[in-house]
Amino acid sequence: MTKPDIIKVIETANWILRDGAKILSVRSHGRDRFYLPGGKIDPGETAHDAIMREINEELGVDLIPDTIRELGTFAGQGHKQPDGVIVRMTCFVADYRGTLSPAREIAELRWLTPCERNLMAPMGQKITAALFDI
């Protein structure tokens, strides 16, 4: 079996928020899997700017700018995307102000344990496994 050619790369900025052995995950309306909060980086926008904007839009909280740290970048086949569509996720950790609440396209937020990572899209599973050294 041959590997598909990469036909598109989707650049995203994602927030890693842990509470002990749990990781914050979100599910969009009409989706069957949970994702790490965040989203696409708009043209001309930095990953840092995108993560601040996306988290405010999706969860109604503000990331505290001087606490934002890049954790790493992960890449892989996009969930429910055609073969060759790669998602490259720049992941950040940060403190926040406000109360987490699903907003806009987010239907649900949930704190998932590593044992529940099967509820996540494949890239979320990959990142969770790396974070918890599974």
# chains A, B, ... in the order shown; residues from 1 in each chain; ligands from 1
$ residues_around --residues "Pro37 in chain A" --least-positions-apart "4" --cutoff "8 Å" --atoms "only C-alpha atoms" --output "number ranges by chain"
A: 14-16, 24-26, 54-55, 58
$ write_last_selection --atoms "all heavy atoms" --output "mmCIF file, in the first residue's frame"
data_model
loop_
_atom_site.group_PDB
_atom_site.id
_atom_site.type_symbol
_atom_site.label_atom_id
_atom_site.label_comp_id
_atom_site.auth_asym_id
_atom_site.auth_seq_id
_atom_site.Cartn_x
_atom_site.Cartn_y
_atom_site.Cartn_z
ATOM 1 N N ASN A 14 -3.615 24.986 19.324
ATOM 2 C CA ASN A 14 -4.443 24.253 20.284
ATOM 3 C C ASN A 14 -3.927 24.431 21.690
ATOM 4 O O ASN A 14 -2.728 24.562 21.919
ATOM 5 C CB ASN A 14 -4.494 22.779 19.900
ATOM 6 C CG ASN A 14 -5.124 22.585 18.539
ATOM 7 O OD1 ASN A 14 -4.443 22.688 17.524
ATOM 8 N ND2 ASN A 14 -6.420 22.353 18.502
ATOM 9 N N TRP A 15 -4.870 24.400 22.634
ATOM 10 C CA TRP A 15 -4.580 24.629 24.048
ATOM 11 C C TRP A 15 -4.593 23.300 24.780
ATOM 12 O O TRP A 15 -5.552 22.526 24.678
ATOM 13 C CB TRP A 15 -5.646 25.553 24.620
ATOM 14 C CG TRP A 15 -5.441 26.040 26.016
ATOM 15 C CD1 TRP A 15 -4.271 26.261 26.668
ATOM 16 C CD2 TRP A 15 -6.475 26.413 26.920
ATOM 17 N NE1 TRP A 15 -4.515 26.761 27.924
ATOM 18 C CE2 TRP A 15 -5.860 26.857 28.105
ATOM 19 C CE3 TRP A 15 -7.863 26.414 26.846
ATOM 20 C CZ2 TRP A 15 -6.575 27.299 29.204
ATOM 21 C CZ3 TRP A 15 -8.583 26.859 27.933
ATOM 22 C CH2 TRP A 15 -7.942 27.300 29.107
ATOM 23 N N ILE A 16 -3.552 23.074 25.533
ATOM 24 C CA ILE A 16 -3.458 21.900 26.398
ATOM 25 C C ILE A 16 -3.702 22.381 27.825
ATOM 26 O O ILE A 16 -2.902 23.134 28.384
ATOM 27 C CB ILE A 16 -2.059 21.245 26.330
ATOM 28 C CG1 ILE A 16 -1.661 20.911 24.890
ATOM 29 C CG2 ILE A 16 -1.981 20.046 27.254
ATOM 30 C CD1 ILE A 16 -2.441 19.818 24.250
ATOM 31 N N LEU A 24 -8.577 18.849 29.140
ATOM 32 C CA LEU A 24 -9.777 19.510 28.636
ATOM 33 C C LEU A 24 -9.945 19.202 27.159
ATOM 34 O O LEU A 24 -9.018 19.369 26.364
ATOM 35 C CB LEU A 24 -9.683 21.028 28.836
ATOM 36 C CG LEU A 24 -10.897 21.822 28.358
ATOM 37 C CD1 LEU A 24 -12.144 21.471 29.166
ATOM 38 C CD2 LEU A 24 -10.617 23.308 28.419
ATOM 39 N N SER A 25 -11.135 18.760 26.796
ATOM 40 C CA SER A 25 -11.462 18.416 25.412
ATOM 41 C C SER A 25 -12.810 19.030 25.072
ATOM 42 O O SER A 25 -13.649 19.230 25.949
ATOM 43 C CB SER A 25 -11.529 16.899 25.244
ATOM 44 O OG SER A 25 -10.310 16.316 25.643
ATOM 45 N N VAL A 26 -13.002 19.319 23.789
ATOM 46 C CA VAL A 26 -14.255 19.921 23.338
ATOM 47 C C VAL A 26 -14.809 19.138 22.152
ATOM 48 O O VAL A 26 -14.066 18.518 21.397
ATOM 49 C CB VAL A 26 -14.069 21.412 22.947
ATOM 50 C CG1 VAL A 26 -13.647 22.236 24.151
ATOM 51 C CG2 VAL A 26 -13.079 21.572 21.806
ATOM 52 N N GLU A 54 -9.024 31.927 19.447
ATOM 53 C CA GLU A 54 -9.845 30.708 19.407
ATOM 54 C C GLU A 54 -10.387 30.326 20.781
ATOM 55 O O GLU A 54 -11.551 29.950 20.907
ATOM 56 C CB GLU A 54 -9.036 29.543 18.819
ATOM 57 C CG GLU A 54 -8.861 29.608 17.326
ATOM 58 C CD GLU A 54 -10.106 29.213 16.553
ATOM 59 O OE1 GLU A 54 -11.039 28.631 17.136
ATOM 60 O OE2 GLU A 54 -10.142 29.496 15.340
ATOM 61 N N ILE A 55 -9.552 30.400 21.803
ATOM 62 C CA ILE A 55 -10.002 29.997 23.146
ATOM 63 C C ILE A 55 -11.073 30.959 23.661
ATOM 64 O O ILE A 55 -12.058 30.536 24.258
ATOM 65 C CB ILE A 55 -8.810 29.873 24.118
ATOM 66 C CG1 ILE A 55 -7.862 28.768 23.643
ATOM 67 C CG2 ILE A 55 -9.289 29.649 25.546
ATOM 68 C CD1 ILE A 55 -8.527 27.415 23.362
ATOM 69 N N GLU A 58 -14.279 30.021 21.611
ATOM 70 C CA GLU A 58 -14.840 28.690 21.888
ATOM 71 C C GLU A 58 -15.257 28.480 23.334
ATOM 72 O O GLU A 58 -16.222 27.768 23.598
ATOM 73 C CB GLU A 58 -13.824 27.598 21.528
ATOM 74 C CG GLU A 58 -13.567 27.451 20.057
ATOM 75 C CD GLU A 58 -12.644 26.297 19.735
ATOM 76 O OE1 GLU A 58 -12.107 25.642 20.662
ATOM 77 O OE2 GLU A 58 -12.467 26.026 18.541
#
$ select_by_dssp --residues "range 45-99 of chain A" --states "helix (DSSP H, G or I)" --output "list in words"
Ala47, His48, Asp49, Ala50, Ile51, Met52, Arg53, Glu54, Ile55, Asn56, Glu57, Glu58, Leu59, Pro65, Asp66 and Thr67 of chain A
$ write_last_selection --atoms "C-alpha atoms" --output "PDB file, in the first residue's frame"
ATOM      1  CA  ALA A  47      -0.136  30.790  16.271  1.00  0.00           C
ATOM      2  CA  HIS A  48       0.089  32.806  19.514  1.00  0.00           C
ATOM      3  CA  ASP A  49      -2.596  35.240  18.330  1.00  0.00           C
ATOM      4  CA  ALA A  50      -4.753  32.383  17.025  1.00  0.00           C
ATOM      5  CA  ILE A  51      -4.743  30.491  20.320  1.00  0.00           C
ATOM      6  CA  MET A  52      -5.818  33.586  22.235  1.00  0.00           C
ATOM      7  CA  ARG A  53      -8.638  34.300  19.760  1.00  0.00           C
ATOM      8  CA  GLU A  54      -9.845  30.708  19.407  1.00  0.00           C
ATOM      9  CA  ILE A  55     -10.002  29.997  23.146  1.00  0.00           C
ATOM     10  CA  ASN A  56     -11.946  33.188  23.779  1.00  0.00           C
ATOM     11  CA  GLU A  57     -14.383  32.368  20.956  1.00  0.00           C
ATOM     12  CA  GLU A  58     -14.840  28.690  21.888  1.00  0.00           C
ATOM     13  CA  LEU A  59     -14.716  28.735  25.675  1.00  0.00           C
ATOM     14  CA  PRO A  65      -0.578  36.415  27.604  1.00  0.00           C
ATOM     15  CA  ASP A  66       2.593  36.189  29.703  1.00  0.00           C
ATOM     16  CA  THR A  67       1.789  32.581  30.713  1.00  0.00           C
TER      17      THR A  67
END
$ atom_distance --atom1 "CA of Phe92 in chain A" --atom2 "CA of Thr73 in chain A"
9.1 Å
$ closest_residue --among "A:Ala21, A:Glu70, A:Gly44, A:Ser28" --to "Leu112 in chain A" --atoms "only C-alpha atoms"
A:Ala21
$ residues_around --residues "Arg97 in chain A" --least-positions-apart "3" --cutoff "10 Å" --atoms "only C-alpha atoms" --output "ChimeraX atom specification"
/A:60-64,100
$ write_last_selection --atoms "N, CA, C and O atoms" --output "CSV table (one decimal), in the first residue's frame"
chain,number,residue,atom,x,y,z
A,60,GLY,N,-15.0,31.1,26.0
A,60,GLY,CA,-15.4,32.3,26.7
A,60,GLY,C,-14.4,32.8,27.8
A,60,GLY,O,-14.8,33.5,28.7
A,61,VAL,N,-13.1,32.3,27.7
A,61,VAL,CA,-12.1,32.7,28.7
A,61,VAL,C,-11.0,33.4,28.0
A,61,VAL,O,-10.8,33.3,26.7
A,62,ASP,N,-10.2,34.2,28.7
A,62,ASP,CA,-9.0,34.9,28.2
A,62,ASP,C,-7.8,34.2,28.7
A,62,ASP,O,-7.6,34.0,29.9
A,63,LEU,N,-6.9,33.8,27.7
A,63,LEU,CA,-5.6,33.3,28.1
A,63,LEU,C,-4.8,34.5,28.6
A,63,LEU,O,-4.9,35.6,28.1
A,64,ILE,N,-4.0,34.2,29.7
A,64,ILE,CA,-3.1,35.3,30.2
A,64,ILE,C,-1.9,35.3,29.4
A,64,ILE,O,-1.1,34.3,29.4
A,100,LEU,N,-14.8,28.6,32.2
A,100,LEU,CA,-14.9,27.8,31.0
A,100,LEU,C,-16.4,27.5,30.7
A,100,LEU,O,-17.1,27.0,31.6
$ closest_residue --among "A:Ala129, A:Ala107, A:Ile7, A:Met123" --to "Gln77 in chain A" --atoms "only C-alpha atoms"
A:Met123
$ select_by_dssp --residues "chain A" --states "strand (DSSP E or B)" --output "PDB file with N, CA and C atoms, in the first residue's frame"
ATOM      1  N   LYS A   8      -2.675  18.861   1.294  1.00  0.00           N
ATOM      2  CA  LYS A   8      -3.026  20.080   2.020  1.00  0.00           C
ATOM      3  C   LYS A   8      -2.558  19.956   3.460  1.00  0.00           C
ATOM      4  N   VAL A   9      -2.104  21.078   4.021  1.00  0.00           N
ATOM      5  CA  VAL A   9      -1.750  21.131   5.440  1.00  0.00           C
ATOM      6  C   VAL A   9      -2.633  22.190   6.089  1.00  0.00           C
ATOM      7  N   ILE A  10      -3.328  21.785   7.134  1.00  0.00           N
ATOM      8  CA  ILE A  10      -4.157  22.706   7.916  1.00  0.00           C
ATOM      9  C   ILE A  10      -3.376  23.049   9.173  1.00  0.00           C
ATOM     10  N   GLU A  11      -3.066  24.323   9.334  1.00  0.00           N
ATOM     11  CA  GLU A  11      -2.310  24.800  10.505  1.00  0.00           C
ATOM     12  C   GLU A  11      -3.290  25.203  11.600  1.00  0.00           C
ATOM     13  N   THR A  12      -3.107  24.645  12.797  1.00  0.00           N
ATOM     14  CA  THR A  12      -3.970  25.001  13.922  1.00  0.00           C
ATOM     15  C   THR A  12      -3.148  25.374  15.141  1.00  0.00           C
ATOM     16  N   ALA A  13      -3.787  26.079  16.053  1.00  0.00           N
ATOM     17  CA  ALA A  13      -3.229  26.389  17.368  1.00  0.00           C
ATOM     18  C   ALA A  13      -4.173  25.757  18.390  1.00  0.00           C
ATOM     19  N   ASN A  14      -3.615  24.986  19.324  1.00  0.00           N
ATOM     20  CA  ASN A  14      -4.443  24.253  20.284  1.00  0.00           C
ATOM     21  C   ASN A  14      -3.927  24.431  21.690  1.00  0.00           C
ATOM     22  N   TRP A  15      -4.870  24.400  22.634  1.00  0.00           N
ATOM     23  CA  TRP A  15      -4.580  24.629  24.048  1.00  0.00           C
ATOM     24  C   TRP A  15      -4.593  23.300  24.780  1.00  0.00           C
ATOM     25  N   ARG A  18      -4.523  20.769  31.488  1.00  0.00           N
ATOM     26  CA  ARG A  18      -4.637  19.548  32.285  1.00  0.00           C
ATOM     27  C   ARG A  18      -5.109  19.876  33.688  1.00  0.00           C
ATOM     28  N   ASP A  19      -5.827  18.931  34.252  1.00  0.00           N
ATOM     29  CA  ASP A  19      -6.218  18.966  35.655  1.00  0.00           C
ATOM     30  C   ASP A  19      -5.848  17.592  36.198  1.00  0.00           C
ATOM     31  N   LYS A  22      -6.410  14.521  33.892  1.00  0.00           N
ATOM     32  CA  LYS A  22      -7.468  14.799  32.911  1.00  0.00           C
ATOM     33  C   LYS A  22      -7.028  15.936  31.999  1.00  0.00           C
ATOM     34  N   ILE A  23      -7.550  15.901  30.764  1.00  0.00           N
ATOM     35  CA  ILE A  23      -7.234  16.941  29.788  1.00  0.00           C
ATOM     36  C   ILE A  23      -8.538  17.524  29.246  1.00  0.00           C
ATOM     37  N   LEU A  24      -8.577  18.849  29.140  1.00  0.00           N
ATOM     38  CA  LEU A  24      -9.777  19.510  28.636  1.00  0.00           C
ATOM     39  C   LEU A  24      -9.945  19.202  27.159  1.00  0.00           C
ATOM     40  N   SER A  25     -11.135  18.760  26.796  1.00  0.00           N
ATOM     41  CA  SER A  25     -11.462  18.416  25.412  1.00  0.00           C
ATOM     42  C   SER A  25     -12.810  19.030  25.072  1.00  0.00           C
ATOM     43  N   VAL A  26     -13.002  19.319  23.789  1.00  0.00           N
ATOM     44  CA  VAL A  26     -14.255  19.921  23.338  1.00  0.00           C
ATOM     45  C   VAL A  26     -14.809  19.138  22.152  1.00  0.00           C
ATOM     46  N   ARG A  27     -16.124  19.202  22.019  1.00  0.00           N
ATOM     47  CA  ARG A  27     -16.796  18.581  20.876  1.00  0.00           C
ATOM     48  C   ARG A  27     -17.640  19.647  20.203  1.00  0.00           C
ATOM     49  N   SER A  28     -17.449  19.804  18.905  1.00  0.00           N
ATOM     50  CA  SER A  28     -18.225  20.778  18.135  1.00  0.00           C
ATOM     51  C   SER A  28     -19.597  20.206  17.799  1.00  0.00           C
ATOM     52  N   PHE A  34     -14.125  14.249  20.283  1.00  0.00           N
ATOM     53  CA  PHE A  34     -13.625  15.403  21.022  1.00  0.00           C
ATOM     54  C   PHE A  34     -12.287  15.831  20.437  1.00  0.00           C
ATOM     55  N   TYR A  35     -11.995  17.109  20.573  1.00  0.00           N
ATOM     56  CA  TYR A  35     -10.766  17.716  20.072  1.00  0.00           C
ATOM     57  C   TYR A  35     -10.119  18.519  21.191  1.00  0.00           C
ATOM     58  N   GLY A  38      -9.160  24.933  20.388  1.00  0.00           N
ATOM     59  CA  GLY A  38      -8.354  25.743  19.484  1.00  0.00           C
ATOM     60  C   GLY A  38      -8.910  25.660  18.092  1.00  0.00           C
ATOM     61  N   GLY A  39      -8.118  26.066  17.117  1.00  0.00           N
ATOM     62  CA  GLY A  39      -8.609  26.011  15.752  1.00  0.00           C
ATOM     63  C   GLY A  39      -7.620  26.531  14.751  1.00  0.00           C
ATOM     64  N   LYS A  40      -8.110  26.735  13.549  1.00  0.00           N
ATOM     65  CA  LYS A  40      -7.263  27.142  12.426  1.00  0.00           C
ATOM     66  C   LYS A  40      -6.625  28.505  12.667  1.00  0.00           C
ATOM     67  N   ASP A  62     -10.206  34.181  28.724  1.00  0.00           N
ATOM     68  CA  ASP A  62      -9.032  34.853  28.169  1.00  0.00           C
ATOM     69  C   ASP A  62      -7.776  34.169  28.673  1.00  0.00           C
ATOM     70  N   LEU A  63      -6.914  33.792  27.733  1.00  0.00           N
ATOM     71  CA  LEU A  63      -5.605  33.280  28.135  1.00  0.00           C
ATOM     72  C   LEU A  63      -4.770  34.456  28.629  1.00  0.00           C
ATOM     73  N   ARG A  69       2.893  29.398  26.721  1.00  0.00           N
ATOM     74  CA  ARG A  69       4.150  28.750  26.320  1.00  0.00           C
ATOM     75  C   ARG A  69       3.839  27.696  25.267  1.00  0.00           C
ATOM     76  N   GLU A  70       4.662  27.669  24.229  1.00  0.00           N
ATOM     77  CA  GLU A  70       4.498  26.633  23.208  1.00  0.00           C
ATOM     78  C   GLU A  70       5.015  25.316  23.761  1.00  0.00           C
ATOM     79  N   LEU A  71       4.200  24.290  23.634  1.00  0.00           N
ATOM     80  CA  LEU A  71       4.541  22.965  24.139  1.00  0.00           C
ATOM     81  C   LEU A  71       5.181  22.105  23.061  1.00  0.00           C
ATOM     82  N   GLY A  72       4.721  22.256  21.835  1.00  0.00           N
ATOM     83  CA  GLY A  72       5.258  21.471  20.734  1.00  0.00           C
ATOM     84  C   GLY A  72       4.296  21.464  19.568  1.00  0.00           C
ATOM     85  N   THR A  73       4.746  20.878  18.453  1.00  0.00           N
ATOM     86  CA  THR A  73       3.926  20.776  17.257  1.00  0.00           C
ATOM     87  C   THR A  73       3.787  19.305  16.888  1.00  0.00           C
ATOM     88  N   PHE A  74       2.567  18.919  16.588  1.00  0.00           N
ATOM     89  CA  PHE A  74       2.239  17.543  16.226  1.00  0.00           C
ATOM     90  C   PHE A  74       1.548  17.579  14.869  1.00  0.00           C
ATOM     91  N   ALA A  75       1.793  16.566  14.039  1.00  0.00           N
ATOM     92  CA  ALA A  75       1.168  16.531  12.723  1.00  0.00           C
ATOM     93  C   ALA A  75       0.677  15.124  12.406  1.00  0.00           C
ATOM     94  N   GLY A  76      -0.408  15.051  11.647  1.00  0.00           N
ATOM     95  CA  GLY A  76      -0.950  13.770  11.225  1.00  0.00           C
ATOM     96  C   GLY A  76      -2.182  13.965  10.368  1.00  0.00           C
ATOM     97  N   GLN A  77      -2.691  12.866   9.850  1.00  0.00           N
ATOM     98  CA  GLN A  77      -3.884  12.878   9.013  1.00  0.00           C
ATOM     99  C   GLN A  77      -5.050  13.530   9.764  1.00  0.00           C
ATOM    100  N   VAL A  85      -4.680  15.008   3.688  1.00  0.00           N
ATOM    101  CA  VAL A  85      -4.890  16.279   4.379  1.00  0.00           C
ATOM    102  C   VAL A  85      -4.292  16.140   5.774  1.00  0.00           C
ATOM    103  N   ILE A  86      -3.237  16.888   6.002  1.00  0.00           N
ATOM    104  CA  ILE A  86      -2.481  16.826   7.249  1.00  0.00           C
ATOM    105  C   ILE A  86      -2.870  18.000   8.140  1.00  0.00           C
ATOM    106  N   VAL A  87      -3.057  17.722   9.398  1.00  0.00           N
ATOM    107  CA  VAL A  87      -3.279  18.771  10.390  1.00  0.00           C
ATOM    108  C   VAL A  87      -1.975  18.921  11.168  1.00  0.00           C
ATOM    109  N   ARG A  88      -1.456  20.146  11.188  1.00  0.00           N
ATOM    110  CA  ARG A  88      -0.259  20.446  11.977  1.00  0.00           C
ATOM    111  C   ARG A  88      -0.698  21.339  13.130  1.00  0.00           C
ATOM    112  N   MET A  89      -0.645  20.761  14.340  1.00  0.00           N
ATOM    113  CA  MET A  89      -1.168  21.409  15.540  1.00  0.00           C
ATOM    114  C   MET A  89      -0.027  21.957  16.393  1.00  0.00           C
ATOM    115  N   THR A  90       0.010  23.280  16.521  1.00  0.00           N
ATOM    116  CA  THR A  90       0.952  23.909  17.443  1.00  0.00           C
ATOM    117  C   THR A  90       0.226  24.011  18.774  1.00  0.00           C
ATOM    118  N   CYS A  91       0.763  23.320  19.786  1.00  0.00           N
ATOM    119  CA  CYS A  91       0.085  23.222  21.080  1.00  0.00           C
ATOM    120  C   CYS A  91       0.724  24.146  22.104  1.00  0.00           C
ATOM    121  N   PHE A  92      -0.135  24.766  22.881  1.00  0.00           N
ATOM    122  CA  PHE A  92       0.278  25.717  23.908  1.00  0.00           C
ATOM    123  C   PHE A  92      -0.289  25.321  25.261  1.00  0.00           C
ATOM    124  N   VAL A  93       0.392  25.727  26.316  1.00  0.00           N
ATOM    125  CA  VAL A  93      -0.144  25.697  27.666  1.00  0.00           C
ATOM    126  C   VAL A  93      -0.247  27.153  28.109  1.00  0.00           C
ATOM    127  N   TYR A  96      -5.516  30.983  32.507  1.00  0.00           N
ATOM    128  CA  TYR A  96      -6.645  31.717  31.939  1.00  0.00           C
ATOM    129  C   TYR A  96      -7.427  32.440  33.021  1.00  0.00           C
ATOM    130  N   ARG A  97      -8.228  33.432  32.553  1.00  0.00           N
ATOM    131  CA  ARG A  97      -9.162  34.165  33.406  1.00  0.00           C
ATOM    132  C   ARG A  97     -10.573  33.895  32.902  1.00  0.00           C
ATOM    133  N   ILE A 106     -18.935  25.148  19.788  1.00  0.00           N
ATOM    134  CA  ILE A 106     -18.670  24.096  20.770  1.00  0.00           C
ATOM    135  C   ILE A 106     -19.974  23.670  21.439  1.00  0.00           C
ATOM    136  N   ALA A 107     -20.283  22.379  21.323  1.00  0.00           N
ATOM    137  CA  ALA A 107     -21.492  21.825  21.925  1.00  0.00           C
ATOM    138  C   ALA A 107     -21.245  21.346  23.344  1.00  0.00           C
ATOM    139  N   GLU A 108     -20.006  20.908  23.610  1.00  0.00           N
ATOM    140  CA  GLU A 108     -19.735  20.255  24.899  1.00  0.00           C
ATOM    141  C   GLU A 108     -18.255  20.356  25.224  1.00  0.00           C
ATOM    142  N   LEU A 109     -17.965  20.547  26.496  1.00  0.00           N
ATOM    143  CA  LEU A 109     -16.584  20.406  26.953  1.00  0.00           C
ATOM    144  C   LEU A 109     -16.559  19.301  27.986  1.00  0.00           C
ATOM    145  N   ARG A 110     -15.450  18.594  28.014  1.00  0.00           N
ATOM    146  CA  ARG A 110     -15.341  17.455  28.926  1.00  0.00           C
ATOM    147  C   ARG A 110     -13.878  17.258  29.307  1.00  0.00           C
ATOM    148  N   TRP A 111     -13.669  16.904  30.568  1.00  0.00           N
ATOM    149  CA  TRP A 111     -12.336  16.547  31.049  1.00  0.00           C
ATOM    150  C   TRP A 111     -12.168  15.040  30.844  1.00  0.00           C
ATOM    151  N   LEU A 112     -11.281  14.659  29.938  1.00  0.00           N
ATOM    152  CA  LEU A 112     -11.082  13.251  29.612  1.00  0.00           C
ATOM    153  C   LEU A 112      -9.799  12.722  30.244  1.00  0.00           C
ATOM    154  N   MET A 120     -11.585  10.827  21.518  1.00  0.00           N
ATOM    155  CA  MET A 120     -10.973  11.953  20.818  1.00  0.00           C
ATOM    156  C   MET A 120     -10.687  11.599  19.364  1.00  0.00           C
TER     157      MET A 120
END
$ atom_distance --atom1 "CA of Gln125 in chain A" --atom2 "CA of Asp83 in chain A"
18.5 Å
